[in-house]
>>> print(open('model.cif').read())   # mmCIF, C-alpha atoms
data_entry
loop_
_atom_site.group_PDB
_atom_site.id
_atom_site.type_symbol
_atom_site.label_atom_id
_atom_site.label_comp_id
_atom_site.auth_asym_id
_atom_site.auth_seq_id
_atom_site.Cartn_x
_atom_site.Cartn_y
_atom_site.Cartn_z
ATOM 1 C CA MET A 22 -1.131 20.697 -13.916
ATOM 2 C CA SER A 23 -1.937 20.281 -10.217
ATOM 3 C CA GLU A 24 -4.195 23.347 -10.310
ATOM 4 C CA ALA A 25 -6.088 21.920 -13.301
ATOM 5 C CA VAL A 26 -6.593 18.600 -11.495
ATOM 6 C CA SER A 27 -7.844 20.436 -8.401
ATOM 7 C CA SER A 28 -10.233 22.470 -10.523
ATOM 8 C CA TYR A 29 -11.536 19.332 -12.249
ATOM 9 C CA TYR A 30 -11.947 17.560 -8.930
ATOM 10 C CA ALA A 31 -13.843 20.517 -7.421
ATOM 11 C CA GLY A 32 -16.014 20.978 -10.501
ATOM 12 C CA PHE A 33 -16.957 17.406 -11.309
ATOM 13 C CA TYR A 34 -17.098 15.625 -7.951
ATOM 14 C CA SER A 35 -19.877 16.269 -5.475
ATOM 15 C CA PRO A 36 -19.008 17.454 -1.969
ATOM 16 C CA ALA A 37 -20.003 14.013 -0.675
ATOM 17 C CA GLU A 38 -17.641 12.295 -3.142
ATOM 18 C CA ARG A 39 -14.785 14.630 -2.237
ATOM 19 C CA LEU A 40 -15.448 14.001 1.461
ATOM 20 C CA ALA A 41 -15.455 10.231 0.937
ATOM 21 C CA GLN A 42 -12.161 10.411 -0.967
ATOM 22 C CA ALA A 43 -10.547 12.602 1.696
ATOM 23 C CA ARG A 44 -11.724 10.220 4.427
ATOM 24 C CA GLU A 45 -10.281 7.252 2.536
ATOM 25 C CA GLU A 46 -6.929 8.972 2.014
ATOM 26 C CA LEU A 47 -6.715 10.009 5.669
ATOM 27 C CA SER A 48 -7.743 6.521 6.820
ATOM 28 C CA GLN A 49 -4.934 5.029 4.714
ATOM 29 C CA ALA A 50 -2.415 7.502 6.100
ATOM 30 C CA LEU A 51 -3.474 6.709 9.657
ATOM 31 C CA ALA A 52 -3.321 2.968 8.943
ATOM 32 C CA GLY A 53 0.260 3.493 7.808
ATOM 33 C CA LEU A 54 0.922 4.899 11.279
ATOM 34 C CA GLY A 55 -0.713 1.903 12.949
ATOM 35 C CA ILE A 56 -4.026 3.617 13.725
ATOM 36 C CA ASP A 57 -6.932 1.453 12.625
ATOM 37 C CA ALA A 58 -9.864 3.858 12.772
ATOM 38 C CA LEU A 59 -10.453 7.407 11.623
ATOM 39 C CA PRO A 60 -11.253 9.583 14.662
ATOM 40 C CA GLY A 61 -14.883 10.684 14.654
ATOM 41 C CA SER A 62 -14.278 14.302 15.631
ATOM 42 C CA ARG A 63 -11.681 17.031 16.035
ATOM 43 C CA GLN A 64 -11.651 16.308 19.757
ATOM 44 C CA ALA A 65 -10.919 12.612 19.178
ATOM 45 C CA PHE A 66 -8.080 13.515 16.790
ATOM 46 C CA ARG A 67 -6.651 15.935 19.342
ATOM 47 C CA GLN A 68 -6.830 13.234 22.020
ATOM 48 C CA LEU A 69 -4.922 10.926 19.684
ATOM 49 C CA ILE A 70 -2.136 13.484 19.335
ATOM 50 C CA ASP A 71 -2.128 14.174 23.076
ATOM 51 C CA ALA A 72 -1.879 10.428 23.770
ATOM 52 C CA ALA A 73 1.096 10.142 21.406
ATOM 53 C CA PHE A 74 2.865 12.961 23.248
ATOM 54 C CA ALA A 75 1.950 11.491 26.641
ATOM 55 C CA SER A 76 3.414 8.120 25.682
ATOM 56 C CA GLY A 77 6.637 9.791 24.556
ATOM 57 C CA ASP A 78 6.121 8.980 20.857
ATOM 58 C CA SER A 79 6.952 12.409 19.459
ATOM 59 C CA ASP A 80 7.500 10.941 15.959
ATOM 60 C CA LEU A 81 3.912 9.702 15.852
ATOM 61 C CA ALA A 82 2.654 12.990 17.284
ATOM 62 C CA ALA A 83 4.559 14.953 14.614
ATOM 63 C CA LYS A 84 3.150 12.788 11.816
ATOM 64 C CA LEU A 85 -0.369 13.167 13.195
ATOM 65 C CA ILE A 86 0.075 16.935 13.389
ATOM 66 C CA GLN A 87 1.005 16.891 9.690
ATOM 67 C CA LEU A 88 -2.335 15.173 9.027
ATOM 68 C CA ALA A 89 -4.283 17.664 11.167
ATOM 69 C CA PRO A 90 -5.214 20.002 8.263
ATOM 70 C CA ALA A 91 -6.739 17.062 6.367
ATOM 71 C CA MET A 92 -8.687 16.010 9.452
ATOM 72 C CA ALA A 93 -9.881 19.579 9.992
ATOM 73 C CA GLU A 94 -11.079 19.773 6.387
ATOM 74 C CA ILE A 95 -12.918 16.465 6.683
ATOM 75 C CA THR A 96 -14.726 17.525 9.842
ATOM 76 C CA ASP A 97 -15.576 20.924 8.314
ATOM 77 C CA GLN A 98 -16.965 19.284 5.165
ATOM 78 C CA ALA A 99 -18.950 16.758 7.179
ATOM 79 C CA GLN A 100 -20.469 19.549 9.280
ATOM 80 C CA ALA A 101 -21.286 21.570 6.147
ATOM 81 C CA LEU A 102 -22.978 18.569 4.516
ATOM 82 C CA THR A 103 -24.939 17.866 7.687
ATOM 83 C CA ALA A 104 -26.092 21.486 7.859
ATOM 84 C CA ALA A 105 -27.040 21.447 4.168
ATOM 85 C CA LEU A 106 -29.097 18.300 4.670
ATOM 86 C CA LYS A 107 -30.893 19.853 7.642
ATOM 87 C CA ASP A 108 -31.608 22.983 5.582
ATOM 88 C CA LEU A 109 -32.844 20.867 2.675
ATOM 89 C CA ASP A 110 -35.144 18.923 4.988
ATOM 90 C CA THR A 111 -36.524 22.134 6.470
ATOM 91 C CA GLN A 112 -36.929 23.761 3.061
ATOM 92 C CA SER A 113 -38.850 20.784 1.725
ATOM 93 C CA LEU A 114 -41.516 21.134 4.407
ATOM 94 C CA TYR A 115 -41.838 24.904 4.709
ATOM 95 C CA ARG A 116 -42.039 27.760 2.249
ATOM 96 C CA SER A 117 -39.744 29.958 4.305
ATOM 97 C CA GLY A 118 -37.402 29.946 7.233
ATOM 98 C CA ALA A 119 -40.002 31.910 9.168
ATOM 99 C CA GLU A 120 -42.555 29.133 8.703
ATOM 100 C CA ALA A 121 -40.019 26.531 9.843
ATOM 101 C CA LEU A 122 -39.205 28.615 12.899
ATOM 102 C CA TYR A 123 -42.887 29.061 13.684
ATOM 103 C CA ALA A 124 -43.519 25.333 13.353
ATOM 104 C CA ALA A 125 -40.573 24.569 15.617
ATOM 105 C CA THR A 126 -41.748 26.987 18.272
ATOM 106 C CA SER A 127 -45.520 26.601 18.006
ATOM 107 C CA GLU A 128 -45.510 23.600 20.331
ATOM 108 C CA GLY A 129 -43.696 25.671 22.954
ATOM 109 C CA HIS A 130 -46.248 28.470 22.628
ATOM 110 C CA ARG A 131 -49.100 25.999 22.928
ATOM 111 C CA ARG A 132 -47.611 24.518 26.093
ATOM 112 C CA ARG A 133 -47.214 27.973 27.608
ATOM 113 C CA LEU A 134 -50.940 28.533 27.239
ATOM 114 C CA THR A 135 -51.937 25.501 29.310
ATOM 115 C CA GLY A 136 -53.581 27.711 31.919
ATOM 116 C CA THR A 137 -55.939 29.357 29.408
ATOM 117 C CA ASP A 138 -59.564 28.591 28.692
ATOM 118 C CA ALA A 139 -60.296 25.132 27.222
ATOM 119 C CA THR A 140 -62.057 26.718 24.235
ATOM 120 C CA VAL A 141 -58.984 28.790 23.408
ATOM 121 C CA GLN A 142 -56.766 25.730 23.783
ATOM 122 C CA GLY A 143 -59.031 23.746 21.460
ATOM 123 C CA LEU A 144 -58.971 26.505 18.850
ATOM 124 C CA LEU A 145 -55.199 26.795 19.089
ATOM 125 C CA ALA A 146 -54.859 23.047 18.679
ATOM 126 C CA GLU A 147 -57.025 23.208 15.544
ATOM 127 C CA VAL A 148 -54.944 26.070 14.132
ATOM 128 C CA VAL A 149 -51.676 24.216 14.738
ATOM 129 C CA ARG A 150 -53.123 21.019 13.236
ATOM 130 C CA ALA A 151 -54.335 22.919 10.150
ATOM 131 C CA ILE A 152 -50.928 24.554 9.699
ATOM 132 C CA ARG A 153 -49.163 21.218 9.975
ATOM 133 C CA GLU A 154 -51.553 19.530 7.558
ATOM 134 C CA GLY A 155 -51.136 22.417 5.124
ATOM 135 C CA ASP A 156 -47.343 22.187 5.342
ATOM 136 C CA ILE A 157 -47.414 18.425 4.835
ATOM 137 C CA ASN A 158 -49.775 18.740 1.863
ATOM 138 C CA ASN A 159 -47.624 21.518 0.428
ATOM 139 C CA ALA A 160 -44.521 19.336 0.773
ATOM 140 C CA ARG A 161 -46.290 16.407 -0.911
ATOM 141 C CA LEU A 162 -47.478 18.550 -3.801
ATOM 142 C CA THR A 163 -44.048 20.105 -4.209
ATOM 143 C CA ALA A 164 -42.401 16.674 -4.268
ATOM 144 C CA ARG A 165 -44.890 15.450 -6.872
ATOM 145 C CA LEU A 166 -44.351 18.561 -8.988
ATOM 146 C CA LEU A 167 -40.578 18.144 -8.854
ATOM 147 C CA ALA A 168 -40.883 14.472 -9.809
ATOM 148 C CA VAL A 169 -43.038 15.364 -12.827
ATOM 149 C CA GLN A 170 -40.624 18.114 -13.868
ATOM 150 C CA GLU A 171 -37.685 15.729 -13.566
ATOM 151 C CA ARG A 172 -39.446 13.076 -15.658
ATOM 152 C CA MET A 173 -40.296 15.694 -18.272
ATOM 153 C CA SER A 174 -36.667 16.838 -18.422
ATOM 154 C CA LEU A 175 -35.571 13.247 -19.022
ATOM 155 C CA ASP A 176 -38.151 12.656 -21.769
ATOM 156 C CA PRO A 177 -36.224 12.499 -25.079
ATOM 157 C CA ALA A 178 -39.332 13.527 -27.019
ATOM 158 C CA ARG A 179 -39.240 17.027 -25.531
#
>>> encode(input="model.cif", output="structure tokens")
Amino acid sequence: MSEAVSSYYAGFYSPAERLAQAREELSQALAGLGIDALPGSRQAFRQLIDAAFASGDSDLAAKLIQLAPAMAEITDQAQALTAALKDLDTQSLYRSGAEALYAATSEGHRRRLTGTDATVQGLLAEVVRAIREGDINNARLTARLLAVQERMSLDPAR
């Protein structure tokens, strides 16, 4: 039965919902130990355990260590969601990872050429501007296309 519940939970709850539930459960467990706030990182959780040991409260330290796998999972999920959001943001603006990398580094290349001829600098500035405008227009068109496709998929007449 437990395996079926886990499968349901994994299949029907988004990663963000599972993360929120795990955070709530861990927050409640920590509150039961007299700790009011969920540590914001692995390092902060480790410092909490170290402080319990340093104060001689080995019971509290042992209970916190039992919660360590849950804390590790929460921080891993939060990092994965953050990375996915960054990837999604990058993908929405650029057609490929190579384009995103070029856009991120083009400013550095432009700065490196500060000693070159003013005409070359002007042309490079125009090229970079055109690329950025093209990427922005592409992102706008893609967003509009996706919105139209989503509306069409929701249209009961289709």
>>> resolve_selection(input="model.cif", expression="the PyMOL selection byres ((chain A and resi 84) around 12)", output="PyMOL selection string")
chain A and resi 47+50-51+53-56+69-70+73-74+78-83+85-90
>>> atom_distance(input="model.cif", atom1="atom CA of Glu171 of chain A", atom2="atom CA of Ala99 of chain A")
28.0 Å
>>> atom_distance(input="model.cif", atom1="atom CA of Phe66 of chain A", atom2="atom CA of Arg44 of chain A")
13.3 Å
>>> closest_residue(input="model.cif", among="A:Arg39, A:Arg172, A:Arg165, A:Arg153", to="Ile95 of chain A", atoms="only C-alpha atoms")
A:Arg39
>>> atom_distance(input="model.cif", atom1="atom CA of Pro60 of chain A", atom2="atom CA of Ser48 of chain A")
9.1 Å
>>> axis_aligned_box(input="model.cif", around="segment 64-67 of chain A", padding_each_side="8 Å", output="lines of an AutoDock Vina configuration file")
center_x = -9.2
center_y = 14.5
center_z = 18.3
size_x = 21.0
size_y = 19.7
size_z = 19.0
>>> closest_residue(input="model.cif", among="A:Gln68, A:Ala91, A:Ser23, A:Ala104", to="Glu46 of chain A", atoms="all atoms listed in the file")
A:Ala91
